[in-house]
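Heads up, entry_16.csv below (CSV, C-alpha atoms):
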```
chain,number,residue,atom,x,y,z
A,1054,MET,CA,7.1,-4.1,-20.4
A,1055,SER,CA,7.8,-0.4,-20.2
A,1056,THR,CA,4.9,2.0,-19.8
A,1057,LEU,CA,5.5,3.3,-23.3
A,1058,GLU,CA,5.3,-0.2,-24.8
A,1059,LEU,CA,2.3,-0.9,-22.5
A,1060,GLY,CA,0.3,2.0,-23.9
A,1061,HIS,CA,1.1,0.8,-27.4
A,1062,VAL,CA,0.0,-2.7,-26.7
A,1063,VAL,CA,-3.3,-1.5,-25.2
A,1064,GLY,CA,-3.8,0.6,-28.3
A,1065,ARG,CA,-3.2,-2.3,-30.6
A,1066,ALA,CA,-5.6,-4.5,-28.6
A,1067,ALA,CA,-8.2,-1.7,-28.7
A,1068,GLY,CA,-7.7,-1.7,-32.5
A,1069,GLY,CA,-8.6,-5.4,-32.6
A,1070,ASP,CA,-5.2,-7.1,-32.4
A,1071,ALA,CA,-5.8,-10.3,-30.5
A,1072,LYS,CA,-2.0,-10.9,-30.2
A,1073,ALA,CA,-1.7,-7.7,-28.2
A,1074,TRP,CA,-4.5,-8.8,-26.0
A,1075,ASN,CA,-2.7,-12.1,-25.3
A,1076,GLU,CA,0.4,-10.1,-24.3
A,1077,LEU,CA,-1.7,-8.2,-21.8
A,1078,VAL,CA,-3.1,-11.5,-20.5
A,1079,GLN,CA,0.4,-12.9,-20.2
A,1080,GLN,CA,1.6,-9.8,-18.3
A,1081,TYR,CA,-1.2,-9.4,-15.9
A,1082,SER,CA,-3.0,-12.7,-15.3
A,1083,GLY,CA,-0.7,-13.5,-12.3
A,1084,LEU,CA,-1.4,-10.1,-10.7
A,1085,VAL,CA,-5.2,-10.3,-11.2
A,1086,TRP,CA,-5.3,-13.9,-9.9
A,1087,SER,CA,-3.2,-12.9,-6.8
A,1088,VAL,CA,-5.6,-10.2,-5.9
A,1089,ALA,CA,-8.6,-12.5,-5.9
A,1090,ARG,CA,-6.7,-15.2,-4.0
A,1091,GLY,CA,-5.2,-12.7,-1.7
A,1092,TYR,CA,-8.7,-11.7,-0.6
A,1093,GLY,CA,-9.2,-15.3,0.3
A,1094,LEU,CA,-11.5,-16.4,-2.5
A,1095,ASP,CA,-11.6,-20.1,-3.4
A,1096,THR,CA,-10.4,-21.1,-6.9
A,1097,ALA,CA,-13.9,-21.2,-8.4
A,1098,ASP,CA,-14.8,-17.7,-7.2
A,1099,ALA,CA,-11.4,-16.4,-8.0
A,1100,ALA,CA,-11.8,-17.7,-11.6
A,1101,ASP,CA,-15.1,-15.8,-11.9
A,1102,VAL,CA,-13.6,-12.6,-10.6
A,1103,VAL,CA,-10.6,-12.9,-12.9
A,1104,GLN,CA,-12.8,-13.6,-15.9
A,1105,THR,CA,-15.1,-10.7,-15.0
A,1106,SER,CA,-12.1,-8.3,-14.8
A,1107,TRP,CA,-10.9,-9.3,-18.3
A,1108,LEU,CA,-14.4,-9.0,-19.7
A,1109,ARG,CA,-14.7,-5.6,-18.2
A,1110,LEU,CA,-11.4,-4.6,-19.7
A,1111,ALA,CA,-12.5,-5.8,-23.1
A,1112,GLU,CA,-15.6,-3.7,-22.8
A,1113,ASN,CA,-13.6,-0.6,-21.8
A,1114,LEU,CA,-10.5,-1.1,-23.9
A,1115,ALA,CA,-11.1,1.8,-26.3
A,1116,CYS,CA,-11.9,4.3,-23.6
A,1117,LEU,CA,-9.2,3.7,-20.9
A,1118,ARG,CA,-8.0,7.0,-19.6
A,1119,ASP,CA,-4.5,5.8,-18.8
A,1120,PRO,CA,-3.7,2.8,-21.0
A,1121,ASP,CA,-0.2,2.5,-19.4
A,1122,ARG,CA,-1.9,1.8,-16.1
A,1123,VAL,CA,-3.9,-1.0,-17.4
A,1124,GLY,CA,-2.5,-3.4,-14.8
A,1125,ALA,CA,-3.7,-1.3,-12.0
A,1126,TRP,CA,-7.1,-0.9,-13.7
A,1127,LEU,CA,-7.5,-4.6,-14.0
A,1128,ALA,CA,-6.4,-5.4,-10.5
A,1129,THR,CA,-8.6,-2.7,-9.0
A,1130,THR,CA,-11.5,-4.2,-10.9
A,1131,ALA,CA,-10.6,-7.5,-9.4
A,1132,ARG,CA,-10.4,-6.1,-5.9
A,1133,ARG,CA,-13.9,-4.6,-6.2
A,1134,GLU,CA,-15.3,-7.8,-7.6
A,1135,SER,CA,-13.6,-9.8,-4.9
A,1136,LEU,CA,-15.2,-7.7,-2.2
A,1137,ARG,CA,-18.5,-8.1,-3.9
A,1138,VAL,CA,-18.2,-11.8,-4.0
A,1139,LEU,CA,-17.2,-11.9,-0.3
A,1140,ARG,CA,-20.3,-10.0,0.5
A,1141,ARG,CA,-22.6,-12.2,-1.5
A,1142,GLY,CA,-24.9,-14.0,0.9
A,1143,GLN,CA,-22.7,-12.8,3.8
A,1144,ARG,CA,-20.7,-15.9,3.1
A,1145,GLN,CA,-17.9,-16.7,5.4
A,1146,ILE,CA,-14.5,-15.4,4.4
A,1147,PRO,CA,-12.3,-18.4,4.0
A,1148,SER,CA,-9.3,-18.0,6.3
A,1149,GLY,CA,-6.9,-20.1,4.4
A,1150,MET,CA,-5.9,-20.4,0.7
A,1151,ASP,CA,-6.4,-24.1,0.6
A,1152,LEU,CA,-2.7,-24.7,0.6
A,1153,GLY,CA,-0.8,-27.2,2.6
A,1154,GLU,CA,-2.7,-30.2,1.2
A,1155,ASP,CA,-1.3,-29.6,-2.3
A,1156,ILE,CA,2.4,-29.6,-1.5
A,1157,THR,CA,3.0,-32.9,-3.2
A,1158,SER,CA,4.0,-32.4,-6.8
A,1159,GLU,CA,2.1,-33.7,-9.7
A,1160,ASP,CA,3.0,-34.7,-13.3
A,1161,GLY,CA,5.1,-37.6,-12.3
A,1162,GLN,CA,7.8,-35.3,-10.7
A,1163,PRO,CA,9.4,-36.9,-7.7
A,1164,GLU,CA,7.8,-35.9,-4.4
A,1165,LEU,CA,9.6,-33.3,-2.4
A,1166,PRO,CA,11.7,-34.7,0.4
A,1167,VAL,CA,9.8,-35.1,3.6
A,1168,LEU,CA,11.7,-32.3,5.4
A,1169,ARG,CA,11.1,-29.9,2.6
A,1170,ARG,CA,7.4,-30.7,2.6
A,1171,GLU,CA,7.1,-30.2,6.3
A,1172,ARG,CA,8.9,-26.9,6.0
A,1173,ASP,CA,6.6,-25.8,3.2
A,1174,ALA,CA,3.5,-26.8,5.1
A,1175,ALA,CA,4.8,-24.8,8.1
A,1176,VAL,CA,5.5,-21.8,6.0
A,1177,SER,CA,2.1,-21.9,4.4
A,1178,HIS,CA,0.4,-22.4,7.8
A,1179,ALA,CA,2.2,-19.3,9.1
A,1180,PHE,CA,1.2,-17.4,6.1
A,1181,GLN,CA,-2.5,-18.4,6.5
A,1182,GLY,CA,-2.4,-17.3,10.1
A,1183,LEU,CA,-1.5,-13.7,9.1
A,1184,PRO,CA,-4.2,-10.9,9.2
A,1185,ALA,CA,-6.2,-10.6,6.0
A,1186,LEU,CA,-4.5,-7.4,5.0
A,1187,CYS,CA,-1.0,-8.9,5.3
A,1188,ARG,CA,-2.0,-11.9,3.2
A,1189,ALA,CA,-3.5,-9.7,0.5
A,1190,LEU,CA,-0.4,-7.6,0.4
A,1191,LEU,CA,2.1,-10.4,0.4
A,1192,ARG,CA,0.0,-12.5,-2.1
A,1193,VAL,CA,-0.1,-9.6,-4.5
A,1194,LEU,CA,3.6,-8.9,-4.1
A,1195,MET,CA,4.5,-12.5,-4.9
A,1196,SER,CA,2.6,-12.5,-8.2
A,1197,ASP,CA,4.5,-13.2,-11.4
A,1198,PRO,CA,5.7,-11.0,-13.1
A,1199,ALA,CA,6.3,-8.9,-10.0
A,1200,PRO,CA,4.0,-5.8,-9.9
A,1201,SER,CA,5.5,-2.3,-9.4
A,1202,TYR,CA,4.8,-0.6,-6.0
A,1203,ALA,CA,2.7,1.9,-7.9
A,1204,GLU,CA,0.5,-0.9,-9.1
A,1205,VAL,CA,0.3,-2.5,-5.7
A,1206,SER,CA,-0.6,0.9,-4.3
A,1207,GLU,CA,-3.6,1.3,-6.6
A,1208,VAL,CA,-4.6,-2.4,-6.3
A,1209,LEU,CA,-4.8,-2.4,-2.5
A,1210,ASP,CA,-5.7,1.2,-2.1
A,1211,MET,CA,-2.7,2.1,0.1
A,1212,PRO,CA,-0.1,4.8,-0.3
A,1213,VAL,CA,3.1,3.8,-2.1
A,1214,GLY,CA,5.2,4.9,0.8
A,1215,SER,CA,3.4,2.5,3.2
A,1216,ILE,CA,4.0,-0.6,1.1
A,1217,GLY,CA,7.6,-1.2,2.1
A,1218,PRO,CA,7.0,-0.7,5.9
A,1219,ARG,CA,3.9,-2.8,5.8
A,1220,ARG,CA,5.6,-5.6,4.0
A,1221,ALA,CA,8.4,-5.5,6.6
A,1222,ARG,CA,5.8,-5.6,9.5
A,1223,CYS,CA,3.9,-8.5,7.9
A,1224,LEU,CA,7.1,-10.5,7.3
A,1225,ASP,CA,8.1,-9.9,10.9
A,1226,ARG,CA,4.7,-11.1,12.1
A,1227,MET,CA,5.2,-14.2,10.1
A,1228,ARG,CA,8.6,-14.9,11.6
A,1229,THR,CA,7.2,-14.4,15.1
A,1230,ALA,CA,4.3,-16.7,14.4
A,1231,PHE,CA,6.6,-19.3,12.9
A,1232,GLU,CA,8.8,-19.3,16.0
A,1233,THR,CA,6.1,-19.3,18.6
A,1234,ASP,CA,3.3,-21.2,16.9
A,1235,ASP,CA,2.9,-24.7,18.2
A,1236,GLU,CA,1.2,-25.7,15.0
A,1237,PRO,CA,0.0,-29.2,14.0
A,1238,ASN,CA,1.9,-29.5,10.8
A,1239,ARG,CA,5.2,-29.6,12.5
A,1240,PRO,CA,6.6,-33.0,12.8
A,1241,ILE,CA,6.0,-34.7,16.0
A,1242,GLU,CA,9.2,-35.6,17.8
A,1243,VAL,CA,9.1,-39.2,18.8
A,1244,ALA,CA,11.1,-40.1,21.9
A,1245,ARG,CA,13.5,-42.9,21.5
B,178,MET,CA,13.4,-30.3,15.0
B,179,THR,CA,12.9,-26.6,14.3
B,180,PHE,CA,12.7,-24.5,11.2
B,181,ASP,CA,13.9,-20.9,10.8
B,182,LEU,CA,12.7,-18.3,8.4
B,183,PRO,CA,15.3,-16.1,6.7
B,184,ASP,CA,16.0,-12.8,8.5
B,185,ASP,CA,16.3,-11.1,5.2
B,186,ASP,CA,13.0,-9.8,3.9
B,187,ASP,CA,13.8,-10.4,0.3
B,188,GLN,CA,14.9,-13.9,1.0
B,189,LEU,CA,11.7,-14.6,2.9
B,190,MET,CA,9.6,-13.1,0.1
B,191,ALA,CA,11.4,-15.4,-2.3
B,192,GLU,CA,10.6,-18.4,-0.2
B,193,LEU,CA,7.0,-17.4,0.1
B,194,ARG,CA,6.9,-17.0,-3.7
B,195,GLU,CA,8.3,-20.4,-4.0
B,196,VAL,CA,5.9,-22.1,-1.5
B,197,ILE,CA,2.7,-20.2,-2.0
B,198,GLY,CA,3.1,-19.1,-5.6
B,199,ARG,CA,4.0,-22.6,-6.7
B,200,CYS,CA,1.0,-24.1,-5.1
B,201,ASP,CA,-1.4,-21.5,-6.5
B,202,PRO,CA,-0.5,-20.8,-10.1
B,203,VAL,CA,-3.1,-19.2,-12.5
B,204,PRO,CA,-5.1,-22.2,-13.6
B,205,SER,CA,-4.9,-22.8,-17.4
B,206,ALA,CA,-8.7,-22.5,-17.7
B,207,VAL,CA,-8.5,-19.0,-16.2
B,208,LEU,CA,-5.8,-18.0,-18.7
B,209,ALA,CA,-7.9,-19.4,-21.5
B,210,ALA,CA,-11.0,-17.5,-20.3
B,211,ALA,CA,-8.9,-14.3,-20.1
B,212,ASN,CA,-7.7,-14.7,-23.7
B,213,GLU,CA,-11.2,-15.5,-24.8
B,214,ALA,CA,-12.6,-12.4,-23.2
B,215,PHE,CA,-11.2,-10.4,-26.2
B,216,VAL,CA,-14.0,-11.7,-28.5
B,217,TRP,CA,-16.6,-10.0,-26.3
B,218,ARG,CA,-15.2,-6.5,-26.6
B,219,THR,CA,-17.8,-3.9,-27.2
B,220,ILE,CA,-17.6,-2.3,-30.6
B,221,ASP,CA,-20.9,-0.9,-31.8
B,222,SER,CA,-23.1,-0.8,-28.7
B,223,ASP,CA,-23.8,1.7,-25.9
B,224,LEU,CA,-22.8,0.7,-22.4
B,225,ALA,CA,-25.3,0.5,-19.6
B,226,GLU,CA,-23.5,0.8,-16.3
B,227,LEU,CA,-24.4,-0.9,-13.1
B,228,ALA,CA,-26.2,1.7,-11.0
B,229,PHE,CA,-27.7,-0.4,-8.3
B,230,ASP,CA,-26.8,-3.7,-6.8
B,231,SER,CA,-28.8,-4.9,-3.8
B,232,LEU,CA,-25.8,-6.9,-2.7
B,233,LEU,CA,-24.0,-3.7,-1.8
B,234,GLU,CA,-26.9,-2.2,0.2
B,235,LEU,CA,-26.2,-2.7,3.8
B,236,SER,CA,-29.9,-2.7,4.9
B,237,SER,CA,-31.8,-5.8,4.0
B,238,GLY,CA,-34.7,-3.7,3.0
B,239,GLY,CA,-33.0,-3.1,-0.3
B,240,VAL,CA,-34.4,-6.2,-1.9
B,241,ARG,CA,-38.1,-6.2,-2.8
B,242,GLY,CA,-40.2,-9.3,-2.9
B,243,THR,CA,-38.5,-12.7,-3.2
B,244,ALA,CA,-35.5,-11.7,-5.4
B,245,ASP,CA,-32.1,-13.0,-4.2
B,246,ARG,CA,-30.5,-10.0,-5.8
B,247,GLN,CA,-31.6,-7.0,-7.7
B,248,LEU,CA,-29.5,-5.1,-10.3
B,249,THR,CA,-30.2,-1.9,-12.2
B,250,PHE,CA,-28.2,-1.0,-15.3
B,251,GLU,CA,-28.4,2.5,-16.7
B,252,SER,CA,-27.6,4.0,-20.1
B,253,PRO,CA,-28.6,7.5,-21.2
B,254,GLY,CA,-31.7,6.2,-23.0
B,255,LEU,CA,-32.6,3.0,-21.3
B,256,THR,CA,-32.7,1.4,-17.8
B,257,ILE,CA,-32.7,-2.3,-17.3
B,258,GLU,CA,-33.9,-3.7,-14.0
B,259,VAL,CA,-33.3,-7.3,-13.2
B,260,ASP,CA,-34.3,-9.6,-10.3
B,261,MET,CA,-32.3,-12.7,-9.8
B,262,LEU,CA,-34.3,-15.6,-8.6
B,263,ASP,CA,-33.7,-19.2,-7.5
B,264,GLY,CA,-30.2,-18.7,-6.4
B,265,GLY,CA,-29.3,-16.8,-9.6
B,266,SER,CA,-30.5,-19.5,-12.0
B,267,GLN,CA,-33.4,-17.4,-13.3
B,268,LEU,CA,-33.6,-13.7,-14.1
B,269,ILE,CA,-36.7,-11.5,-14.5
B,270,GLY,CA,-36.2,-8.2,-16.1
B,271,GLN,CA,-37.9,-5.0,-17.1
B,272,LEU,CA,-36.9,-2.4,-19.7
B,273,VAL,CA,-37.6,1.2,-18.6
B,274,PRO,CA,-39.1,3.1,-20.2
B,275,ALA,CA,-41.4,0.2,-21.0
B,276,GLN,CA,-40.9,-0.9,-24.6
B,277,PRO,CA,-40.6,-4.2,-26.5
B,278,GLY,CA,-37.2,-5.5,-27.5
B,279,ALA,CA,-34.9,-8.5,-27.8
B,280,VAL,CA,-32.6,-9.3,-24.9
B,281,GLU,CA,-29.6,-11.5,-25.3
B,282,VAL,CA,-28.1,-12.9,-22.1
B,283,GLN,CA,-24.4,-13.4,-22.9
B,284,ALA,CA,-22.2,-15.7,-20.8
B,285,SER,CA,-19.0,-17.3,-21.9
B,286,GLY,CA,-19.9,-20.5,-23.8
B,287,ARG,CA,-23.6,-19.8,-24.0
B,288,THR,CA,-26.0,-17.1,-25.3
B,289,THR,CA,-29.7,-17.0,-24.8
B,290,THR,CA,-32.0,-14.6,-26.6
B,291,VAL,CA,-35.5,-13.8,-25.3
B,292,THR,CA,-38.1,-11.4,-26.5
B,293,THR,CA,-39.8,-9.1,-24.1
B,294,ASP,CA,-43.6,-8.6,-23.9
B,295,ALA,CA,-45.1,-5.3,-25.1
B,296,GLU,CA,-44.3,-3.7,-21.7
B,297,GLY,CA,-40.7,-4.7,-21.7
B,298,HIS,CA,-40.9,-7.6,-19.3
B,299,PHE,CA,-38.7,-10.6,-19.9
B,300,THR,CA,-37.6,-13.8,-18.2
B,301,ALA,CA,-34.4,-15.7,-19.0
B,302,PRO,CA,-32.4,-18.5,-17.6
B,303,ALA,CA,-29.1,-17.5,-16.0
B,304,GLY,CA,-26.2,-19.5,-14.7
B,305,ALA,CA,-22.9,-19.4,-12.8
B,306,GLY,CA,-20.1,-17.1,-13.8
B,307,PRO,CA,-20.1,-13.7,-15.4
B,308,PHE,CA,-22.9,-12.5,-17.7
B,309,ARG,CA,-24.1,-9.4,-19.4
B,310,MET,CA,-27.2,-8.5,-21.4
B,311,ARG,CA,-27.5,-7.0,-24.8
B,312,VAL,CA,-30.7,-5.2,-25.5
B,313,ASP,CA,-31.9,-4.4,-28.9
B,314,ALA,CA,-35.1,-2.3,-29.0
B,315,GLY,CA,-35.2,-2.2,-32.8
B,316,PHE,CA,-34.0,1.4,-33.2
B,317,GLY,CA,-30.7,3.1,-32.4
B,318,PRO,CA,-27.6,1.2,-31.2
B,319,ALA,CA,-28.0,-1.8,-29.1
B,320,ILE,CA,-27.3,-1.4,-25.3
B,321,VAL,CA,-24.9,-3.7,-23.6
B,322,THR,CA,-24.7,-3.9,-19.8
B,323,GLU,CA,-21.5,-4.2,-17.8
B,324,TRP,CA,-20.4,-7.7,-17.0
B,325,ILE,CA,-21.4,-8.9,-13.6
B,326,THR,CA,-20.5,-12.0,-11.6
B,327,LEU,CA,-23.4,-13.7,-9.9
```

Can you present the structure in this file as structure tokens?
Amino acid sequence: MSTLELGHVVGRAAGGDAKAWNELVQQYSGLVWSVARGYGLDTADAADVVQTSWLRLAENLACLRDPDRVGAWLATTARRESLRVLRRGQRQIPSGMDLGEDITSEDGQPELPVLRRERDAAVSHAFQGLPALCRALLRVLMSDPAPSYAEVSEVLDMPVGSIGPRRARCLDRMRTAFETDDEPNRPIEVAR
Amino acid sequence: MTFDLPDDDDQLMAELREVIGRCDPVPSAVLAAANEAFVWRTIDSDLAELAFDSLLELSSGGVRGTADRQLTFESPGLTIEVDMLDGGSQLIGQLVPAQPGAVEVQASGRTTTVTTDAEGHFTAPAGAGPFRMRVDAGFGPAIVTEWITL
């Protein structure tokens, strides 16, 4: 969606057009979800944060200063709420994103071949081992539809120019961890 | 047996998107709640913004008494102070300046209305998930607080 169209869609939603609202949900749910998950929230907390973000938007729809930056507005709200949830009761920040167990497919689809599952598990393990900031950045970058760097910049509160270099550094770290990590999900080689 | 990750950054991102993104899609209930949020948009009420949240105070001295969490919402004409008790299942509030009124606690799927006493005190059940309060003092526009996640 172009920024021009976006401003228009926000305007329609503010005027009471539920279809326009659904278009916004379609466009930005992936991004908002990725922010909460990128900060390591479990699915229940992430669901609350995402819902709060949309409720806040509904509340402020008519008075957004930059309707064409509604995605960044939503995601920034989600970031603040995520940090608030993380602080609640000084709860432990979960280190993983409860992946790795869920690799098997559902809905009657055939299971992935063993090798592929092992590789996926190793990839997600390496991802979970990254520093929190790397996970947040990469998780937001992989949301669907892909956010613009301008949106990512606002969401994670980092300069646009630093996103590319940081992404490269985080991916490098992941490669290094992947090569050197003697991690348990790797298949055990059995001597014959 | 060894695995290698792609040297190309874009290819590695694509693989991550495939592995992590596929395992962690937006749940359909979350999408439904996002669509439903539209019905809660504020049309004819004034907004009371969150001015204080004990959760964000670094010193533990921020919370008085036995409250798990304290919140203060402010609008130009009315302040609403709330203490969350019993792990957030109960809220005790006070309208400032003290005045009687009706307080509707709104959460998705349920709404509870309570009446304050003459001094503006009220008690209401709360629950998990985001909620807000709509206060009608009987004159002027109703006041609606920001949504907050417990």

Nearest candidate to Val1102 of chain A (options A:Ala1179, A:Ile1216, A:Val1088, A:Leu1209; using all atoms listed in the file):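 The answer is A:Val1088, which sits nearest to Val1102 of chain A.
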
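Between atom CA of Ile257 of chain B and atom CA of Ala284 of chain B the interatomic distance comes to 17.4 Å.
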
In terms of the shortest atom-to-atom distance over only C-alpha atoms, which of B:Val280, B:Ile325, B:Leu227, B:Ala275 is closest to chain A?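 For chain A, the nearest of the candidates is B:Ile325.
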
When the cut-off is 6 Å and we count all atoms listed in the file, which residues of chain A are near chain B, given as a list in words?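 Result: Asn1075, Ala1100, Asp1101, Gln1104, Thr1105, Trp1107, Leu1108, Ala1111, Glu1112 and Met1195 of chain A.
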
As a check of understanding: the span from atom CA of Leu1057 of chain A to atom CA of Met1211 of chain A is 24.8 Å

Name all residues at most 12 Å from segment 297-303 of chain B (count all atoms listed in the file; drop same-chain ones fewer than 4 positions away) and give them as a PyMOL selection string. chain B and resi 255-285+287-293+307-310+312-314+325-327

Could those selected residues go to a file with C-alpha atoms, as a PDB file, keeping the file's coordinate frame?
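Output saved as out-v6.pdb:
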```pdb
ATOM      1  CA  LEU B 255     -32.600   3.000 -21.300  1.00  0.00           C
ATOM      2  CA  THR B 256     -32.700   1.400 -17.800  1.00  0.00           C
ATOM      3  CA  ILE B 257     -32.700  -2.300 -17.300  1.00  0.00           C
ATOM      4  CA  GLU B 258     -33.900  -3.700 -14.000  1.00  0.00           C
ATOM      5  CA  VAL B 259     -33.300  -7.300 -13.200  1.00  0.00           C
ATOM      6  CA  ASP B 260     -34.300  -9.600 -10.300  1.00  0.00           C
ATOM      7  CA  MET B 261     -32.300 -12.700  -9.800  1.00  0.00           C
ATOM      8  CA  LEU B 262     -34.300 -15.600  -8.600  1.00  0.00           C
ATOM      9  CA  ASP B 263     -33.700 -19.200  -7.500  1.00  0.00           C
ATOM     10  CA  GLY B 264     -30.200 -18.700  -6.400  1.00  0.00           C
ATOM     11  CA  GLY B 265     -29.300 -16.800  -9.600  1.00  0.00           C
ATOM     12  CA  SER B 266     -30.500 -19.500 -12.000  1.00  0.00           C
ATOM     13  CA  GLN B 267     -33.400 -17.400 -13.300  1.00  0.00           C
ATOM     14  CA  LEU B 268     -33.600 -13.700 -14.100  1.00  0.00           C
ATOM     15  CA  ILE B 269     -36.700 -11.500 -14.500  1.00  0.00           C
ATOM     16  CA  GLY B 270     -36.200  -8.200 -16.100  1.00  0.00           C
ATOM     17  CA  GLN B 271     -37.900  -5.000 -17.100  1.00  0.00           C
ATOM     18  CA  LEU B 272     -36.900  -2.400 -19.700  1.00  0.00           C
ATOM     19  CA  VAL B 273     -37.600   1.200 -18.600  1.00  0.00           C
ATOM     20  CA  PRO B 274     -39.100   3.100 -20.200  1.00  0.00           C
ATOM     21  CA  ALA B 275     -41.400   0.200 -21.000  1.00  0.00           C
ATOM     22  CA  GLN B 276     -40.900  -0.900 -24.600  1.00  0.00           C
ATOM     23  CA  PRO B 277     -40.600  -4.200 -26.500  1.00  0.00           C
ATOM     24  CA  GLY B 278     -37.200  -5.500 -27.500  1.00  0.00           C
ATOM     25  CA  ALA B 279     -34.900  -8.500 -27.800  1.00  0.00           C
ATOM     26  CA  VAL B 280     -32.600  -9.300 -24.900  1.00  0.00           C
ATOM     27  CA  GLU B 281     -29.600 -11.500 -25.300  1.00  0.00           C
ATOM     28  CA  VAL B 282     -28.100 -12.900 -22.100  1.00  0.00           C
ATOM     29  CA  GLN B 283     -24.400 -13.400 -22.900  1.00  0.00           C
ATOM     30  CA  ALA B 284     -22.200 -15.700 -20.800  1.00  0.00           C
ATOM     31  CA  SER B 285     -19.000 -17.300 -21.900  1.00  0.00           C
ATOM     32  CA  ARG B 287     -23.600 -19.800 -24.000  1.00  0.00           C
ATOM     33  CA  THR B 288     -26.000 -17.100 -25.300  1.00  0.00           C
ATOM     34  CA  THR B 289     -29.700 -17.000 -24.800  1.00  0.00           C
ATOM     35  CA  THR B 290     -32.000 -14.600 -26.600  1.00  0.00           C
ATOM     36  CA  VAL B 291     -35.500 -13.800 -25.300  1.00  0.00           C
ATOM     37  CA  THR B 292     -38.100 -11.400 -26.500  1.00  0.00           C
ATOM     38  CA  THR B 293     -39.800  -9.100 -24.100  1.00  0.00           C
ATOM     39  CA  PRO B 307     -20.100 -13.700 -15.400  1.00  0.00           C
ATOM     40  CA  PHE B 308     -22.900 -12.500 -17.700  1.00  0.00           C
ATOM     41  CA  ARG B 309     -24.100  -9.400 -19.400  1.00  0.00           C
ATOM     42  CA  MET B 310     -27.200  -8.500 -21.400  1.00  0.00           C
ATOM     43  CA  VAL B 312     -30.700  -5.200 -25.500  1.00  0.00           C
ATOM     44  CA  ASP B 313     -31.900  -4.400 -28.900  1.00  0.00           C
ATOM     45  CA  ALA B 314     -35.100  -2.300 -29.000  1.00  0.00           C
ATOM     46  CA  ILE B 325     -21.400  -8.900 -13.600  1.00  0.00           C
ATOM     47  CA  THR B 326     -20.500 -12.000 -11.600  1.00  0.00           C
ATOM     48  CA  LEU B 327     -23.400 -13.700  -9.900  1.00  0.00           C
TER      49      LEU B 327
END
```

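Interatomic distance, atom CA of Arg1220 of chain A against atom CA of Glu1204 of chain A: 14.8 Å.
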
Any chance you could export segment 307-318 of chain B with N, CA and C atoms, as a PDB file, in the first residue's frame?
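Dumped to result-v2.pdb:
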```
ATOM      1  N   PRO B 307      -6.640  -6.578  27.928  1.00  0.00           N
ATOM      2  CA  PRO B 307      -6.795  -5.136  27.956  1.00  0.00           C
ATOM      3  C   PRO B 307      -8.167  -4.707  28.471  1.00  0.00           C
ATOM      4  N   PHE B 308      -8.199  -3.589  29.175  1.00  0.00           N
ATOM      5  CA  PHE B 308      -9.470  -3.014  29.609  1.00  0.00           C
ATOM      6  C   PHE B 308      -9.361  -1.497  29.630  1.00  0.00           C
ATOM      7  N   ARG B 309     -10.509  -0.843  29.675  1.00  0.00           N
ATOM      8  CA  ARG B 309     -10.531   0.597  29.903  1.00  0.00           C
ATOM      9  C   ARG B 309     -11.780   0.921  30.702  1.00  0.00           C
ATOM     10  N   MET B 310     -11.854   2.125  31.199  1.00  0.00           N
ATOM     11  CA  MET B 310     -13.026   2.542  31.966  1.00  0.00           C
ATOM     12  C   MET B 310     -13.703   3.717  31.274  1.00  0.00           C
ATOM     13  N   ARG B 311     -15.029   3.702  31.333  1.00  0.00           N
ATOM     14  CA  ARG B 311     -15.796   4.822  30.807  1.00  0.00           C
ATOM     15  C   ARG B 311     -16.554   5.392  31.994  1.00  0.00           C
ATOM     16  N   VAL B 312     -16.300   6.648  32.265  1.00  0.00           N
ATOM     17  CA  VAL B 312     -16.895   7.270  33.451  1.00  0.00           C
ATOM     18  C   VAL B 312     -17.921   8.303  33.020  1.00  0.00           C
ATOM     19  N   ASP B 313     -19.132   8.157  33.547  1.00  0.00           N
ATOM     20  CA  ASP B 313     -20.186   9.113  33.235  1.00  0.00           C
ATOM     21  C   ASP B 313     -20.629   9.743  34.546  1.00  0.00           C
ATOM     22  N   ALA B 314     -20.324  11.023  34.688  1.00  0.00           N
ATOM     23  CA  ALA B 314     -20.649  11.698  35.943  1.00  0.00           C
ATOM     24  C   ALA B 314     -22.029  12.347  35.876  1.00  0.00           C
ATOM     25  N   GLY B 315     -22.720  12.149  34.778  1.00  0.00           N
ATOM     26  CA  GLY B 315     -24.074  12.665  34.688  1.00  0.00           C
ATOM     27  C   GLY B 315     -24.170  14.035  34.043  1.00  0.00           C
ATOM     28  N   PHE B 316     -23.011  14.658  33.792  1.00  0.00           N
ATOM     29  CA  PHE B 316     -23.035  15.943  33.074  1.00  0.00           C
ATOM     30  C   PHE B 316     -21.805  15.979  32.179  1.00  0.00           C
ATOM     31  N   GLY B 317     -21.899  16.705  31.093  1.00  0.00           N
ATOM     32  CA  GLY B 317     -20.771  16.783  30.156  1.00  0.00           C
ATOM     33  C   GLY B 317     -20.559  15.451  29.461  1.00  0.00           C
ATOM     34  N   PRO B 318     -19.581  15.423  28.552  1.00  0.00           N
ATOM     35  CA  PRO B 318     -19.313  14.166  27.850  1.00  0.00           C
ATOM     36  C   PRO B 318     -18.701  13.129  28.786  1.00  0.00           C
TER      37      PRO B 318
END
```
